[in-house]
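All remarks here apply to the structure that follows.
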Amino acid sequence: ELCDNLRMTTIPQNAFQGMNNESLTLKLYKNGFEDIHSHAFNGTKLNQLILKDNKNLRRIHNDALRGATGPDVLDISSTALESLPSYGLEAIQVLNATSSYSLKRLPPLDKFSSLLEAVLTYPSHCCAFRNLRTEKQNSLLSIFDNFSKECESTMRKPTNEIFYRDDSYNTTLWSAEKNMYPFATDEEAFPYSYSAIFDDSEMTGFDFEYDFCQPKILTCTPEPDAFNPCEDILGYSFLRVLIWFINILAIAGNFTVLLVLITSHYKLTVPRFLMCNLSFADLCMGLYLLLIASVDAQTSGQYYNHAIDWQTGSGCSTAGFFTVFASELSVYTLTVITVERWHTITYAMQLDRKLRLRHAVPIMLGGWIFSILIAVLPLLGVSSYMKVSICLPMDIETGLSQAYILLILALNVVAFIVICACYIKIYIAVQNPELVAANKDTKVAKRMAILIFTDFTCMAPISFFAISAAFKVPLITVTNSKILLVLFYPVNSCANPFLYAIFTKAFRRDFFLLMSKLGCCKSRAELYRMNYFSAYTSNCKNGSSATAPSKASQALLLLSALEKPYPAVRDKTSYNENQ
């Protein structure tokens, strides 16, 4: 026993050589050890090696146990070790590594061939030992696959009738084989003879009934909880494929929209400005999905060894910030876009009430500040991104964290209600049977229905299950919630660039004009230029003859430009000319 000696900083080579050959229990706790050298325990026969409470112990050389026998018990609890030695772990039956927060990765599992009990720091490490069997047990199971019925019969027999490979016991298993080959040698009659498979040393103390029929099971604590089950980040294999398709679609679509909007030589209008904000928010969501997909691909099959580094590191915090910021900014911008549509159509004749860029900028600045604040709070201790592998703020242990989650969900529900109400009002405002053809009316209704449906598909499932979880009555497991993460959560981020920009004529015009600058699609770009000039000339002529357009016709004219917040310039020009 050597303890409470803070001046001892290392255990050198052959430090315990020359001690007796009996099994030793080395208690080396509460010392100043920082490093244990190669062959430090050379020549010893270790029963227990207790290294607990050496707060500064950061390194054990890979060959520290080389030359030693054992140990059967290794205690490294409350140390700063970052890794275990790769040699000498085969004999360990009990491993105690509680409060070893720096030990985030384990050696290859085949090194723990005799392990029966593990008391660790992180639950994810116990996933590594789940279903792990000892080396001898694996060998037995691979050879005696057909012995399960014999085990069942053994459990029903008196304790003195057990299946030993001995002629003095006329047991059913071996006597049946001997009757089949009465003149054969032992090796021929008993092809499954233990002696033919194992050395005598390996058979020492082996009991068929106890070692095979009642195999020892490895126990490990702490067990994984509901928030961190034993699985990879995405859990399901089909999600691993889908998430790549979805994140590439979101990134490509939103990046294209941003690029076209920024490089366009047309005047920056309020709809264009709002669309830039929406595309940036949805691009951030795509980056979050890309980060999750990349880490899942890198850690597939061995996430238990990377879980701590990922969930407690900067990667998960960055991913969590991206997704919360993107989600809230996207919802906020969608709400502003919808309200702007409703306001423009409702007050079409009142130019003094028109929303201008100087109004939109401070409105969106408020949205950015709000979204950043909401995303930063988990980094400051209000809820946490470290709770689950997908880095969402699912920590509701404190009242403040619970209120935070409920606030986000409530705001999203309110935003959805506002969006629905505005679109209903827009539809009512422009629905005029005397002026609008039936097919035009149906087309407007379908477009609005698609926009509302995509918002509902994104928000409803997540809000429903999240609210129930926030009240600590979860209706879905973390594993199944990953389906929502991939299939529903990013719906808006994928759909928005197409519904609000790419499917509009104005965007296609700007896109081909941009491509013509790069030497591509020049004929299409020229066609758009000619169509635009023709429409502009026609609108100017019509505008000079128009005297007093009705409010309904003004609203219809505006609706053609405001069904999506990426209006055609010719519609805007026509409207101005009519003023």
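By convention here, the chains of the structure tokens are called A, B, ... in the order presented, each chain's residues are numbered starting at 1, and ligands are numbered starting at 1 in the order presented.
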Subject >> Surrounding residues of A:Ile396 excluding itself and chain neighbours under 2 positions, 12 Å, only C-alpha atoms, as a PyMOL selection string >> reply: chain A and resi 227+378+381-385+387+392-394+398-406+466-474
**OP:** Can you pull out every residue within 8 Å of stretch 263-275 of chain A, counting only C-alpha atoms, but drop anything in the same chain fewer than 5 positions away, and send it as an MDAnalysis selection string?
**Re:** chainID A and resid 333 336:337 355:357 360 364 500:501 510 514 565:567
Mind writing the picked residues with N, CA and C atoms as a compact mmCIF listing (two decimals), in the first residue's frame?
```txt
# COMPACT_ATOMS: atom_id res chain seq x y z
N THR A 333 -39.36 34.78 -40.48
CA THR A 333 -39.36 35.39 -41.81
C THR A 333 -40.59 34.97 -42.61
N VAL A 336 -43.38 37.13 -41.44
CA VAL A 336 -43.27 38.51 -41.96
C VAL A 336 -43.65 38.55 -43.44
N ILE A 337 -43.19 37.56 -44.22
CA ILE A 337 -43.53 37.51 -45.65
C ILE A 337 -45.04 37.43 -45.84
N LEU A 355 -45.47 49.01 -47.32
CA LEU A 355 -44.28 48.59 -46.58
C LEU A 355 -43.05 48.78 -47.45
N ARG A 356 -42.12 49.56 -46.96
CA ARG A 356 -40.91 49.84 -47.72
C ARG A 356 -39.69 49.21 -47.04
N LEU A 357 -38.56 49.29 -47.76
CA LEU A 357 -37.35 48.63 -47.27
C LEU A 357 -36.90 49.20 -45.93
N ALA A 360 -38.83 47.26 -43.46
CA ALA A 360 -38.52 45.83 -43.41
C ALA A 360 -37.21 45.54 -42.70
N MET A 364 -36.72 42.82 -39.63
CA MET A 364 -35.89 41.62 -39.74
C MET A 364 -34.71 41.66 -38.78
N TYR A 500 -41.18 29.73 -53.02
CA TYR A 500 -41.13 31.18 -52.91
C TYR A 500 -40.22 31.84 -53.95
N ALA A 501 -39.42 31.06 -54.66
CA ALA A 501 -38.49 31.69 -55.60
C ALA A 501 -38.32 30.92 -56.90
N ASP A 510 -33.98 36.01 -63.81
CA ASP A 510 -32.71 36.43 -63.20
C ASP A 510 -31.67 35.32 -63.28
N LEU A 514 -28.09 35.64 -65.17
CA LEU A 514 -26.83 35.38 -64.48
C LEU A 514 -26.00 34.36 -65.24
N PRO A 565 -43.13 35.83 -52.57
CA PRO A 565 -42.43 37.07 -52.29
C PRO A 565 -41.25 37.30 -53.20
N TYR A 566 -41.38 36.94 -54.46
CA TYR A 566 -40.35 37.20 -55.45
C TYR A 566 -41.06 37.73 -56.69
N PRO A 567 -41.55 38.97 -56.66
CA PRO A 567 -42.47 39.46 -57.69
C PRO A 567 -41.78 39.71 -59.01
```
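The two atoms in question, atom CA of A:Leu95 and atom CA of A:Ala118, are spaced 4.8 Å apart.
One finds atom CA of A:Asp455 at 24.0 Å from atom CA of A:Val361.
Close contacts of A:Ser463, defined as residues with an atom at most 10 Å away when counting only C-alpha atoms, with chain neighbours fewer than 6 positions off set aside, comprise Leu406, Ile408, Leu409, Ala410, Asn412, Val413 and Ala469 of chain A.
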For N, CA, C and O atoms, I'd like the residues from the last selection saved as a short mmCIF file (atom, residue, chain, number, x, y, z; two decimals), in the first residue's frame.
```cif
data_model
loop_
_atom_site.label_atom_id
_atom_site.label_comp_id
_atom_site.auth_asym_id
_atom_site.auth_seq_id
_atom_site.Cartn_x
_atom_site.Cartn_y
_atom_site.Cartn_z
N LEU A 406 -41.17 25.33 -23.94
CA LEU A 406 -42.58 25.65 -24.15
C LEU A 406 -42.74 27.01 -24.85
O LEU A 406 -43.65 27.18 -25.67
N ILE A 408 -40.65 28.39 -27.06
CA ILE A 408 -40.34 28.20 -28.49
C ILE A 408 -41.52 27.55 -29.20
O ILE A 408 -41.95 27.99 -30.28
N LEU A 409 -42.07 26.50 -28.61
CA LEU A 409 -43.17 25.79 -29.24
C LEU A 409 -44.41 26.67 -29.36
O LEU A 409 -45.10 26.65 -30.38
N ALA A 410 -44.68 27.43 -28.31
CA ALA A 410 -45.86 28.32 -28.32
C ALA A 410 -45.71 29.38 -29.41
O ALA A 410 -46.68 29.67 -30.14
N ASN A 412 -43.99 29.17 -32.17
CA ASN A 412 -44.13 28.54 -33.47
C ASN A 412 -45.60 28.26 -33.81
O ASN A 412 -46.02 28.41 -34.96
N VAL A 413 -46.36 27.84 -32.82
CA VAL A 413 -47.79 27.59 -33.04
C VAL A 413 -48.50 28.90 -33.37
O VAL A 413 -49.33 28.96 -34.28
N ALA A 469 -43.52 16.08 -24.55
CA ALA A 469 -42.25 15.79 -23.88
C ALA A 469 -41.89 16.90 -22.90
O ALA A 469 -41.31 16.64 -21.83
#
```
**OP:** From stretch 254-376 of chain A, collect each residue whose DSSP state is alpha helix (DSSP H) and return the set as an MDAnalysis selection string.
**Re:** chainID A and resid 254:263 270:299 307:312 314:346 357:376
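If you measure from each of A:Asn31, A:Phe280, A:His343, A:Gly286 to A:Leu329 using only C-alpha atoms, the closest one turns out to be A:Phe280.
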**OP:** Compile the contact shell of stretch 105-117 of chain A as a VMD selection string: residues with an atom at most 9 Å away, counting only C-alpha atoms, same-chain residues fewer than 4 positions apart removed.
**Re:** chain A and resid 72 82 to 96 125 128 to 129 132 to 136 216 to 221 304 to 306 308 to 309
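Put simply, atom CA of A:Ser493 is 28.7 Å away from atom CA of A:Ala429.
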Subject >> Selection: 9 Å around stretch 237-244 of chain A, only C-alpha atoms, excl. self and same-chain fewer than 6 positions, as a ChimeraX atom specification >> reply: /A:289-290,292-294,296-297,482-483,486-487
